[in-house]
>>> print(open('work11.txt').read())   # compact mmCIF, C-alpha atoms
# COMPACT_ATOMS: atom_id res chain seq x y z
CA MET A 1 0.00 0.00 0.00
CA LYS A 2 1.29 3.41 -0.89
CA LYS A 3 2.44 5.76 1.86
CA GLU A 4 0.03 8.42 0.60
CA THR A 5 -2.95 6.09 0.94
CA ILE A 6 -2.04 5.12 4.53
CA THR A 7 -1.70 8.81 5.48
CA ALA A 8 -5.08 9.53 3.92
CA ILE A 9 -6.74 6.65 5.83
CA ILE A 10 -5.24 7.73 9.17
CA LEU A 11 -6.21 11.37 8.64
CA GLY A 12 -9.67 10.29 7.52
CA LEU A 13 -10.13 8.11 10.61
CA ILE A 14 -9.05 10.94 12.92
CA PHE A 15 -11.27 13.54 11.30
CA GLY A 16 -14.19 11.11 10.95
CA GLY A 17 -13.77 10.09 14.58
CA ILE A 18 -13.95 13.73 15.75
CA VAL A 19 -17.13 14.33 13.75
CA ALA A 20 -18.60 11.02 15.01
CA ILE A 21 -17.90 11.91 18.67
CA PHE A 22 -19.48 15.33 18.11
CA ILE A 23 -22.61 13.76 16.56
CA SER A 24 -22.85 11.20 19.32
CA LEU A 25 -22.58 13.82 22.09
CA LYS A 26 -25.08 16.09 20.39
CA SER A 27 -27.64 13.26 20.04
CA LYS A 28 -27.24 12.40 23.74
CA ASP A 29 -27.90 16.01 24.70
CA MET A 30 -31.01 16.04 22.53
CA GLU A 31 -32.30 12.85 24.18
CA LEU A 32 -31.68 14.32 27.65
CA ALA A 33 -33.48 17.51 26.74
CA LYS A 34 -36.45 15.48 25.52
CA ASN A 35 -36.67 13.42 28.70
CA LYS A 36 -35.99 16.25 31.13
CA VAL A 37 -38.45 16.14 34.02
CA ILE A 38 -39.73 19.54 34.92
CA ALA A 39 -40.42 19.77 38.63
CA PRO A 40 -43.76 21.35 39.56
CA PRO A 41 -43.42 24.93 40.75
CA LYS A 42 -43.23 25.21 44.46
CA GLU A 43 -46.50 26.36 45.92
CA LYS A 44 -46.33 29.78 47.33
CA ALA A 45 -46.13 29.32 51.04
CA LEU A 46 -48.66 31.24 53.00
CA SER A 47 -47.15 33.58 55.48
CA SER A 48 -47.68 31.81 58.75
CA ASN A 49 -45.68 34.15 60.88
CA LEU A 50 -48.18 36.95 60.98
CA THR A 51 -47.84 39.12 64.02
CA GLU A 52 -50.69 40.38 66.12
CA THR A 53 -50.83 43.63 64.14
CA GLU A 54 -50.97 41.89 60.77
CA ILE A 55 -53.71 39.89 59.19
CA GLN A 56 -54.05 37.96 55.96
CA ASN A 57 -55.73 40.21 53.41
CA LEU A 58 -58.65 38.90 51.44
CA GLU A 59 -57.32 37.78 48.06
CA ILE A 60 -59.49 36.27 45.37
CA SER A 61 -57.53 34.48 42.67
CA GLU A 62 -60.67 33.24 40.89
CA PRO A 63 -62.95 34.45 39.39
CA ALA A 64 -61.66 37.68 37.91
CA ASN A 65 -63.86 40.76 37.86
CA ASN A 66 -65.89 41.08 34.62
CA ALA A 67 -65.07 37.49 33.62
CA ILE A 68 -67.48 35.65 31.31
CA PHE A 69 -68.50 32.05 32.03
CA GLU A 70 -70.35 29.56 29.88
CA LYS A 71 -71.50 27.45 32.82
CA ASN A 72 -73.86 28.35 35.64
CA MET A 73 -71.30 27.41 38.28
CA VAL A 74 -68.05 29.09 39.21
CA ARG A 75 -65.26 28.26 41.66
CA PHE A 76 -64.25 30.87 44.18
CA LYS A 77 -60.59 30.49 45.10
CA GLY A 78 -58.43 32.63 47.32
CA VAL A 79 -57.10 33.29 50.79
CA ALA A 80 -58.44 35.15 53.80
CA ALA A 81 -57.69 35.35 57.51
CA LYS A 82 -57.85 31.99 59.28
CA ASP A 83 -61.00 31.28 61.31
CA SER A 84 -62.72 34.34 59.88
CA LEU A 85 -66.41 34.41 59.03
CA MET A 86 -66.93 34.70 55.29
CA VAL A 87 -70.08 35.84 53.55
CA ILE A 88 -70.46 35.56 49.78
CA GLN A 89 -73.74 37.02 48.59
CA SER A 90 -75.37 37.30 45.19
CA PRO A 91 -79.03 37.80 44.22
CA ILE A 92 -79.48 34.02 44.04
CA LYS A 93 -77.20 32.70 46.79
CA ASP A 94 -75.99 33.49 50.32
CA LEU A 95 -72.95 31.53 51.43
CA VAL A 96 -71.85 31.89 55.06
CA PHE A 97 -69.01 29.81 56.45
CA LYS A 98 -66.07 29.81 58.82
CA ASN A 99 -62.81 29.87 56.89
CA THR A 100 -60.80 27.55 59.13
CA GLN A 101 -58.00 26.86 56.62
CA GLY A 102 -57.22 30.34 55.39
CA LYS A 103 -57.37 29.11 51.83
CA PHE A 104 -60.80 28.64 50.30
CA ASP A 105 -62.01 26.90 47.17
CA LEU A 106 -65.74 26.52 46.74
CA GLU A 107 -68.46 26.34 44.13
CA PHE A 108 -70.92 29.17 43.67
CA PRO A 109 -73.96 29.21 41.37
CA LEU A 110 -74.47 31.89 38.73
CA ALA A 111 -77.66 33.35 37.32
CA LEU A 112 -78.02 33.91 33.60
CA GLY A 113 -76.56 37.30 32.68
CA GLU A 114 -74.88 39.60 35.17
CA ASN A 115 -73.98 38.45 38.67
CA SER A 116 -73.20 41.10 41.30
CA ILE A 117 -71.35 39.38 44.11
CA LYS A 118 -70.21 40.83 47.42
CA ILE A 119 -67.57 39.02 49.48
CA VAL A 120 -67.04 40.06 53.10
CA VAL A 121 -64.57 38.64 55.61
CA TYR A 122 -65.08 39.22 59.34
CA PRO A 123 -61.77 38.38 61.08
CA LYS A 124 -61.86 36.34 64.26
CA GLU A 125 -59.84 39.01 66.05
CA LYS A 126 -62.38 41.71 66.68
CA GLN A 127 -59.82 44.54 66.58
CA PHE A 128 -59.56 44.10 62.82
CA ARG A 129 -62.04 45.59 60.41
CA ALA A 130 -64.06 43.52 57.98
CA GLN A 131 -62.55 43.18 54.51
CA GLU A 132 -64.71 43.48 51.44
CA LYS A 133 -64.58 42.85 47.72
CA TYR A 134 -67.21 43.38 45.07
CA ILE A 135 -67.12 41.65 41.70
CA LYS A 136 -69.33 41.50 38.65
CA ILE A 137 -69.17 38.36 36.54
CA TYR A 138 -71.26 37.17 33.63
CA TYR A 139 -72.84 33.87 32.79
CA ILE A 140 -73.57 33.83 29.07
CA ASP A 141 -74.88 30.43 28.05
CA SER A 142 -72.72 29.00 25.23
CA GLU A 143 -75.89 27.93 23.42
CA LEU A 144 -77.01 31.53 23.02
CA MET B 145 -1.28 15.96 -2.08
CA LYS B 146 -4.53 16.21 -3.96
CA LYS B 147 -4.92 12.48 -3.72
CA ILE B 148 -4.35 12.52 0.08
CA LEU B 149 -7.01 15.16 0.54
CA ARG B 150 -9.48 13.31 -1.65
CA ASN B 151 -8.91 10.04 0.16
CA THR B 152 -9.10 11.75 3.59
CA PHE B 153 -12.44 13.24 2.65
CA LEU B 154 -13.71 9.86 1.41
CA VAL B 155 -12.69 8.00 4.58
CA SER B 156 -14.15 10.75 6.81
CA TYR B 157 -17.38 10.63 4.87
CA MET B 158 -17.62 6.87 5.32
CA VAL B 159 -16.88 7.05 9.07
CA VAL B 160 -19.50 9.76 9.61
CA LEU B 161 -21.98 7.80 7.55
CA LEU B 162 -21.38 4.64 9.59
CA VAL B 163 -21.58 6.42 12.97
CA GLY B 164 -24.61 8.39 11.84
CA GLN B 165 -26.45 5.19 10.91
CA SER B 166 -25.62 3.58 14.25
CA VAL B 167 -26.87 6.67 16.17
CA ILE B 168 -30.12 6.61 14.22
CA ALA B 169 -30.47 2.88 14.88
CA GLN B 170 -30.03 3.47 18.65
CA THR B 171 -32.66 6.23 18.82
CA PRO B 172 -35.99 4.76 20.05
CA PRO B 173 -38.65 4.86 17.36
CA THR B 174 -41.30 7.55 17.83
CA ALA B 175 -44.95 7.27 16.91
CA SER B 176 -44.51 9.34 13.78
CA ALA B 177 -41.46 7.36 12.68
CA SER B 178 -43.36 4.10 12.76
CA ALA B 179 -46.20 5.42 10.66
CA THR B 180 -46.18 5.59 6.89
CA PRO B 181 -45.22 8.98 5.36
CA THR B 182 -48.77 9.75 4.12
CA VAL B 183 -50.29 9.08 7.54
CA VAL B 184 -47.61 11.26 9.15
CA VAL B 185 -48.41 14.14 6.80
CA ASP B 186 -52.17 13.74 7.38
CA LYS B 187 -51.64 13.64 11.12
CA ASP B 188 -49.44 16.74 11.01
CA ILE B 189 -52.00 18.62 8.95
CA GLN B 190 -54.75 17.64 11.39
CA GLN B 191 -52.63 18.73 14.35
CA LEU B 192 -51.92 22.04 12.64
CA LYS B 193 -55.64 22.49 11.93
CA ASP B 194 -56.50 21.76 15.57
CA LYS B 195 -53.85 24.18 16.78
CA ILE B 196 -55.16 26.93 14.51
CA ALA B 197 -58.75 26.25 15.60
CA ASN B 198 -57.74 26.37 19.28
CA LYS B 199 -55.79 29.57 18.75
CA VAL B 200 -58.71 31.23 16.96
CA SER B 201 -61.03 30.16 19.78
CA GLU B 202 -58.57 31.50 22.38
CA ILE B 203 -58.21 34.84 20.61
CA ARG B 204 -61.99 35.10 20.27
CA LYS B 205 -62.40 34.37 23.98
CA GLU B 206 -59.69 36.89 24.91
CA ASN B 207 -61.37 39.61 22.88
CA ASN B 208 -64.82 38.66 24.07
CA LYS B 209 -66.01 41.14 26.64
CA ALA B 210 -69.25 41.81 28.41
CA ILE B 211 -70.56 45.21 29.37
CA SER B 212 -73.77 46.29 31.03
CA GLY B 213 -75.76 49.41 31.68
CA PHE B 214 -79.04 51.19 31.21
CA VAL B 215 -80.01 51.89 27.62
CA LEU B 216 -79.36 55.57 27.05
CA LYS B 217 -80.11 55.61 23.36
CA ILE B 218 -81.07 53.02 20.77
CA ASP B 219 -81.02 53.85 17.12
CA GLY B 220 -81.15 51.22 14.35
CA ASN B 221 -78.08 49.04 14.74
CA ASN B 222 -76.49 51.08 17.51
CA MET B 223 -77.12 51.33 21.21
CA GLN B 224 -75.54 53.31 24.03
CA LEU B 225 -75.29 51.77 27.49
CA ASN B 226 -74.81 53.98 30.48
CA ASN B 227 -73.39 52.74 33.74
CA LYS B 228 -71.93 54.67 36.68
CA GLU B 229 -68.45 54.88 35.16
CA ASP B 230 -68.99 55.54 31.46
CA VAL B 231 -71.10 55.29 28.33
CA ASN B 232 -70.42 52.30 26.05
CA GLN B 233 -71.28 51.88 22.38
CA VAL B 234 -72.89 48.64 21.24
CA LYS B 235 -73.30 47.65 17.61
CA PHE B 236 -75.80 45.05 16.41
CA ASP B 237 -75.01 42.69 13.56
CA ASP B 238 -78.18 41.55 11.75
CA THR B 239 -76.76 38.13 11.02
CA LEU B 240 -75.01 37.60 14.35
CA THR B 241 -76.67 39.42 17.24
CA LYS B 242 -79.25 37.57 19.30
CA VAL B 243 -81.35 39.37 21.88
CA PHE B 244 -83.03 37.70 24.86
CA LYS B 245 -85.16 38.87 27.72
CA VAL B 246 -84.23 37.15 30.97
CA LEU B 247 -87.29 36.00 32.90
CA GLY B 248 -85.98 34.59 36.17
CA THR B 249 -84.30 31.35 35.27
CA THR B 250 -85.61 31.28 31.69
CA LYS B 251 -85.12 33.50 28.67
CA LYS B 252 -87.19 34.56 25.69
CA GLU B 253 -85.77 35.64 22.34
CA ILE B 254 -86.82 39.12 21.32
CA LYS B 255 -85.86 41.56 18.54
CA THR B 256 -83.53 44.52 18.80
CA SER B 257 -86.56 46.70 18.11
CA ASP B 258 -88.08 45.42 21.39
CA ILE B 259 -85.30 47.06 23.40
CA SER B 260 -86.38 50.34 24.93
CA LYS B 261 -84.67 53.26 26.60
CA ASP B 262 -83.88 52.68 30.31
CA ASP B 263 -83.86 48.88 29.90
CA TYR B 264 -80.93 47.23 31.66
CA ALA B 265 -78.88 45.44 29.01
CA ILE B 266 -75.86 43.15 29.09
CA ALA B 267 -73.98 42.93 25.80
CA SER B 268 -71.36 40.33 25.04
CA GLY B 269 -69.12 40.36 21.99
CA VAL B 270 -65.83 41.46 20.48
CA VAL B 271 -64.55 44.94 21.29
CA ALA B 272 -62.83 47.00 18.62
CA ASP B 273 -62.20 50.76 18.78
CA ASN B 274 -64.25 50.99 22.00
CA ILE B 275 -67.31 49.58 20.22
CA ILE B 276 -68.62 46.17 21.15
CA THR B 277 -70.15 44.18 18.31
CA ALA B 278 -72.69 42.17 20.23
CA ASN B 279 -73.07 38.44 19.76
CA VAL B 280 -75.62 38.33 22.55
CA VAL B 281 -77.70 41.00 24.29
CA LEU B 282 -79.59 40.13 27.46
CA ILE B 283 -82.29 42.39 28.81
CA ASP B 284 -82.29 41.80 32.54
CA GLU B 285 -82.73 43.49 35.90
CA ASN B 286 -79.89 45.32 37.61
CA PHE B 287 -79.11 43.96 41.05
CA LEU B 288 -76.71 45.36 43.60
CA ALA B 289 -75.27 43.41 46.53
CA ASP B 290 -73.76 45.36 49.42
CA SER B 291 -73.45 45.28 53.21
CA GLY B 292 -73.20 47.58 56.21
CA LYS B 293 -74.36 48.32 59.72
CA ILE B 294 -77.98 49.09 60.59
CA THR B 295 -77.96 52.63 61.99
CA GLU B 296 -81.70 53.32 62.12
CA ILE B 297 -84.92 51.33 62.12
CA ASN B 298 -88.29 52.86 61.36
CA LYS B 299 -90.97 50.44 62.51
CA ASP B 300 -93.77 52.58 61.07
CA THR B 301 -92.50 52.71 57.52
CA TYR B 302 -90.63 49.37 57.61
CA ASN B 303 -87.49 51.11 56.56
CA ILE B 304 -83.90 50.70 57.71
CA LYS B 305 -80.85 52.89 57.21
CA VAL B 306 -77.60 51.10 56.48
CA LEU B 307 -74.11 52.62 56.67
CA THR B 308 -71.58 50.86 54.46
CA SER B 309 -67.81 50.74 55.00
CA ASP B 310 -67.32 53.38 52.28
CA LYS B 311 -69.59 55.78 54.28
CA ASN B 312 -72.50 55.38 51.92
CA THR B 313 -75.96 55.39 53.51
CA TYR B 314 -78.69 53.25 52.00
CA SER B 315 -82.36 53.54 52.86
CA LEU B 316 -83.93 50.11 52.46
CA ASP B 317 -87.66 49.45 52.37
CA ILE B 318 -88.49 46.05 53.82
CA GLU B 319 -91.52 44.92 51.86
CA THR B 320 -93.68 41.83 52.13
CA SER B 321 -91.78 40.36 49.20
CA THR B 322 -88.38 40.99 50.85
CA LYS B 323 -86.68 37.78 51.89
CA GLN B 324 -85.37 38.25 55.44
CA TYR B 325 -82.80 35.94 56.96
CA MET B 326 -80.63 35.89 60.07
CA ILE B 327 -77.49 33.86 60.77
CA ASP B 328 -77.60 31.57 63.78
CA ILE B 329 -74.40 32.58 65.58
CA LYS B 330 -73.75 29.04 66.83
CA THR B 331 -74.44 26.96 63.74
CA LEU B 332 -74.06 29.68 61.07
CA SER B 333 -77.23 28.37 59.48
CA ARG B 334 -79.67 30.80 57.87
CA ASP B 335 -83.08 31.27 59.52
CA THR B 336 -86.05 33.14 58.11
CA ILE B 337 -87.03 36.10 60.31
CA GLY B 338 -89.51 38.97 60.53
CA PHE B 339 -88.91 42.71 60.65
CA SER B 340 -89.21 42.80 64.47
CA LYS B 341 -85.96 40.83 64.81
CA LEU B 342 -83.84 43.60 63.28
CA LYS B 343 -81.76 45.68 65.69
CA GLU B 344 -79.64 48.77 65.33
CA GLY B 345 -75.99 47.72 65.30
CA ASP B 346 -76.60 44.46 63.44
CA MET B 347 -74.67 43.87 60.22
CA VAL B 348 -76.83 43.44 57.16
CA HIS B 349 -75.96 41.98 53.77
CA PHE B 350 -78.53 43.04 51.22
CA VAL B 351 -79.54 42.78 47.58
CA VAL B 352 -81.53 45.53 45.90
CA LYS B 353 -82.92 45.99 42.43
CA LYS B 354 -81.80 49.20 40.73
CA THR B 355 -83.91 50.97 38.16
CA GLY B 356 -81.71 54.02 37.73
CA LYS B 357 -84.50 56.30 38.88
CA GLU B 358 -84.03 55.98 42.65
CA LYS B 359 -83.88 59.02 44.89
CA ASP B 360 -81.90 59.51 48.12
CA ASN B 361 -80.37 56.05 47.82
CA ASN B 362 -83.73 54.52 48.69
CA TYR B 363 -84.43 51.01 47.39
CA PRO B 364 -86.96 48.28 48.03
CA ALA B 365 -84.87 45.38 49.38
CA VAL B 366 -85.01 42.09 47.51
CA LYS B 367 -83.18 40.17 50.23
CA ILE B 368 -81.50 40.88 53.56
CA LEU B 369 -79.21 38.67 55.59
CA ILE B 370 -78.54 39.73 59.18
CA ILE B 371 -75.43 38.92 61.19
CA PRO B 372 -76.51 39.79 64.73
CA GLN B 373 -74.17 42.01 66.73
CA GLU B 374 -73.97 39.26 69.35
CA TYR B 375 -71.75 37.35 66.94
CA PHE B 376 -69.09 40.04 67.23
CA ILE B 377 -69.17 40.33 71.03
CA LYS B 378 -69.19 36.62 71.87
>>> encode(input="work11.txt", output="structure tokens")
Amino acid sequence: MKKETITAIILGLIFGGIVAIFISLKSKDMELAKNKVIAPPKEKALSSNLTETEIQNLEISEPANNAIFEKNMVRFKGVAAKDSLMVIQSPIKDLVFKNTQGKFDLEFPLALGENSIKIVVYPKEKQFRAQEKYIKIYYIDSEL
Amino acid sequence: MKKILRNTFLVSYMVVLLVGQSVIAQTPPTASASATPTVVVDKDIQQLKDKIANKVSEIRKENNKAISGFVLKIDGNNMQLNNKEDVNQVKFDDTLTKVFKVLGTTKKEIKTSDISKDDYAIASGVVADNIITANVVLIDENFLADSGKITEINKDTYNIKVLTSDKNTYSLDIETSTKQYMIDIKTLSRDTIGFSKLKEGDMVHFVVKKTGKEKDNNYPAVKILIIPQEYFIK
């Protein structure tokens, strides 16, 4: 075999090997990226170290004001002071309950059209004032 | 030299080709790879169609708004709705807009020509340039839910004065049709009561019907829910 041919084979093997290693590594990375497990976001911890002069504010994450719904039932989700008395009132429903957990998540019926809803929280500690929110949401039947 | 370069390129090409084939062979087959090319194309087209349909639906939902107010003016295919904050323009589309009158839990389809001034209307549709093109218009009643402390009780006129947290005073007429409830402070259940049970200092949650023509914040109450003051001093 000619010297030139041997040189060419050796050089070819080296260069080919480099490209092969590169391809192999790249394909491994792609596989890893495909199978990467995304951890669920950590739930926002509720502030549990509230002092005597602080109180959990009423926060309603759902439903949003002026939201439109196609079903006659909506979920109320949010947080309020622990052990407070909560009143959710609309023309068709009065809901009164003790919010023992702080977090709340409950179903509330909607009337066709506009729903004016008042939410009031009476904290257990009497030195704190009641907290209020007023929202307007719409139930527009999808069949309309 | 030329020969060396040519041969180097050839050998490299073969090595890459061999390694490439082995990498492909190691890769686990996916669903699309196992299917025939035509099926794959059809599936891709269907997926694309679904994606587009979902996106269109999302955009439509995002732009879909609802507004409400008393009819200030109605003229052909246009209507003006007046609420406390502002005046909104509503446009009717002959082929699209449906109008209903809400009758309690049921509804009756009516025509746009049946809408009159001072009706309370809820319009839902797409907003563009501050004009809502209505898909649906509902003619309904305007309810308000609020709460406050009873500051005065008139047993002769069956009227109560309520002071809200935002220093607004309501004058509520308790009529025979008014639903009156009180919370049991031990069980938190709701009991039906009469007017005589109301006391100054109690908290009241109420619902009234607004017509837009009220004077001195006086309303006939649709419903009241009392939280007795004893609940707050226990």
>>> residues_near_point(input="work11.txt", point="(-80.0, 51.3, 40.8)", cutoff="10 Å", atoms="all atoms listed in the file", output="VMD selection string")
chain B and resid 214 227 to 228 285 to 288 352 to 359 361 to 363
>>> write_last_selection(input="work11.txt", atoms="C-alpha atoms", output="short mmCIF file (atom, residue, chain, number, x, y, z; two decimals), in the coordinates of the input")
data_model
loop_
_atom_site.label_atom_id
_atom_site.label_comp_id
_atom_site.auth_asym_id
_atom_site.auth_seq_id
_atom_site.Cartn_x
_atom_site.Cartn_y
_atom_site.Cartn_z
CA PHE B 214 -79.04 51.19 31.21
CA ASN B 227 -73.39 52.74 33.74
CA LYS B 228 -71.93 54.67 36.68
CA GLU B 285 -82.73 43.49 35.90
CA ASN B 286 -79.89 45.32 37.61
CA PHE B 287 -79.11 43.96 41.05
CA LEU B 288 -76.71 45.36 43.60
CA VAL B 352 -81.53 45.53 45.90
CA LYS B 353 -82.92 45.99 42.43
CA LYS B 354 -81.80 49.20 40.73
CA THR B 355 -83.91 50.97 38.16
CA GLY B 356 -81.71 54.02 37.73
CA LYS B 357 -84.50 56.30 38.88
CA GLU B 358 -84.03 55.98 42.65
CA LYS B 359 -83.88 59.02 44.89
CA ASN B 361 -80.37 56.05 47.82
CA ASN B 362 -83.73 54.52 48.69
CA TYR B 363 -84.43 51.01 47.39
#
>>> closest_residue(input="work11.txt", among="A:Arg75, A:Met86, A:Lys2, A:Val19", to="chain B", atoms="all atoms listed in the file")
A:Val19
>>> residues_around(input="work11.txt", residues="segment 90-99 of chain A", least_positions_apart="3", cutoff="9 Å", atoms="all atoms listed in the file", output="PyMOL selection string")
(chain A and resi 80-87+102-104+108-111+115-118) or (chain B and resi 287-289+327+332-334+350-352+366-367+369)
>>> residues_around(input="work11.txt", residues="Thr301 of chain B", least_positions_apart="6", cutoff="10 Å", atoms="all atoms listed in the file", output="PyMOL selection string")
chain B and resi 317-319
>>> interface_residues(input="work11.txt", of="chain A", to="chain B", cutoff="8 Å", atoms="all atoms listed in the file", output="PyMOL selection string")
chain A and resi 4-5+7-17+19-20+23-24+27+66-68+89-91+96-97+111-118+126+138+140+144
>>> residues_near_point(input="work11.txt", point="(-67.4, 40.7, 43.9)", cutoff="8 Å", atoms="only C-alpha atoms", output="mmCIF file with C-alpha atoms, keeping the file's coordinate frame")
data_model
loop_
_atom_site.group_PDB
_atom_site.id
_atom_site.type_symbol
_atom_site.label_atom_id
_atom_site.label_comp_id
_atom_site.auth_asym_id
_atom_site.auth_seq_id
_atom_site.Cartn_x
_atom_site.Cartn_y
_atom_site.Cartn_z
ATOM 1 C CA ASN A 65 -63.860 40.760 37.860
ATOM 2 C CA SER A 116 -73.200 41.100 41.300
ATOM 3 C CA ILE A 117 -71.350 39.380 44.110
ATOM 4 C CA LYS A 118 -70.210 40.830 47.420
ATOM 5 C CA ILE A 119 -67.570 39.020 49.480
ATOM 6 C CA LYS A 133 -64.580 42.850 47.720
ATOM 7 C CA TYR A 134 -67.210 43.380 45.070
ATOM 8 C CA ILE A 135 -67.120 41.650 41.700
ATOM 9 C CA LYS A 136 -69.330 41.500 38.650
ATOM 10 C CA ILE A 137 -69.170 38.360 36.540
#
>>> residues_around(input="work11.txt", residues="Asp310 of chain B", least_positions_apart="4", cutoff="12 Å", atoms="all atoms listed in the file", output="JSON list (two decimals) with C-alpha atoms, in the frame of the given file")
[["chain", "number", "residue", "atom", "x", "y", "z"],
["A", 130, "ALA", "CA", -64.06, 43.52, 57.98],
["A", 131, "GLN", "CA", -62.55, 43.18, 54.51],
["A", 132, "GLU", "CA", -64.71, 43.48, 51.44],
["A", 133, "LYS", "CA", -64.58, 42.85, 47.72],
["B", 290, "ASP", "CA", -73.76, 45.36, 49.42],
["B", 291, "SER", "CA", -73.45, 45.28, 53.21],
["B", 292, "GLY", "CA", -73.20, 47.58, 56.21],
["B", 293, "LYS", "CA", -74.36, 48.32, 59.72],
["B", 306, "VAL", "CA", -77.60, 51.10, 56.48],
["B", 314, "TYR", "CA", -78.69, 53.25, 52.00]]
>>> atom_distance(input="work11.txt", atom1="atom CA of Val231 of chain B", atom2="atom CA of Gly213 of chain B")
8.2 Å
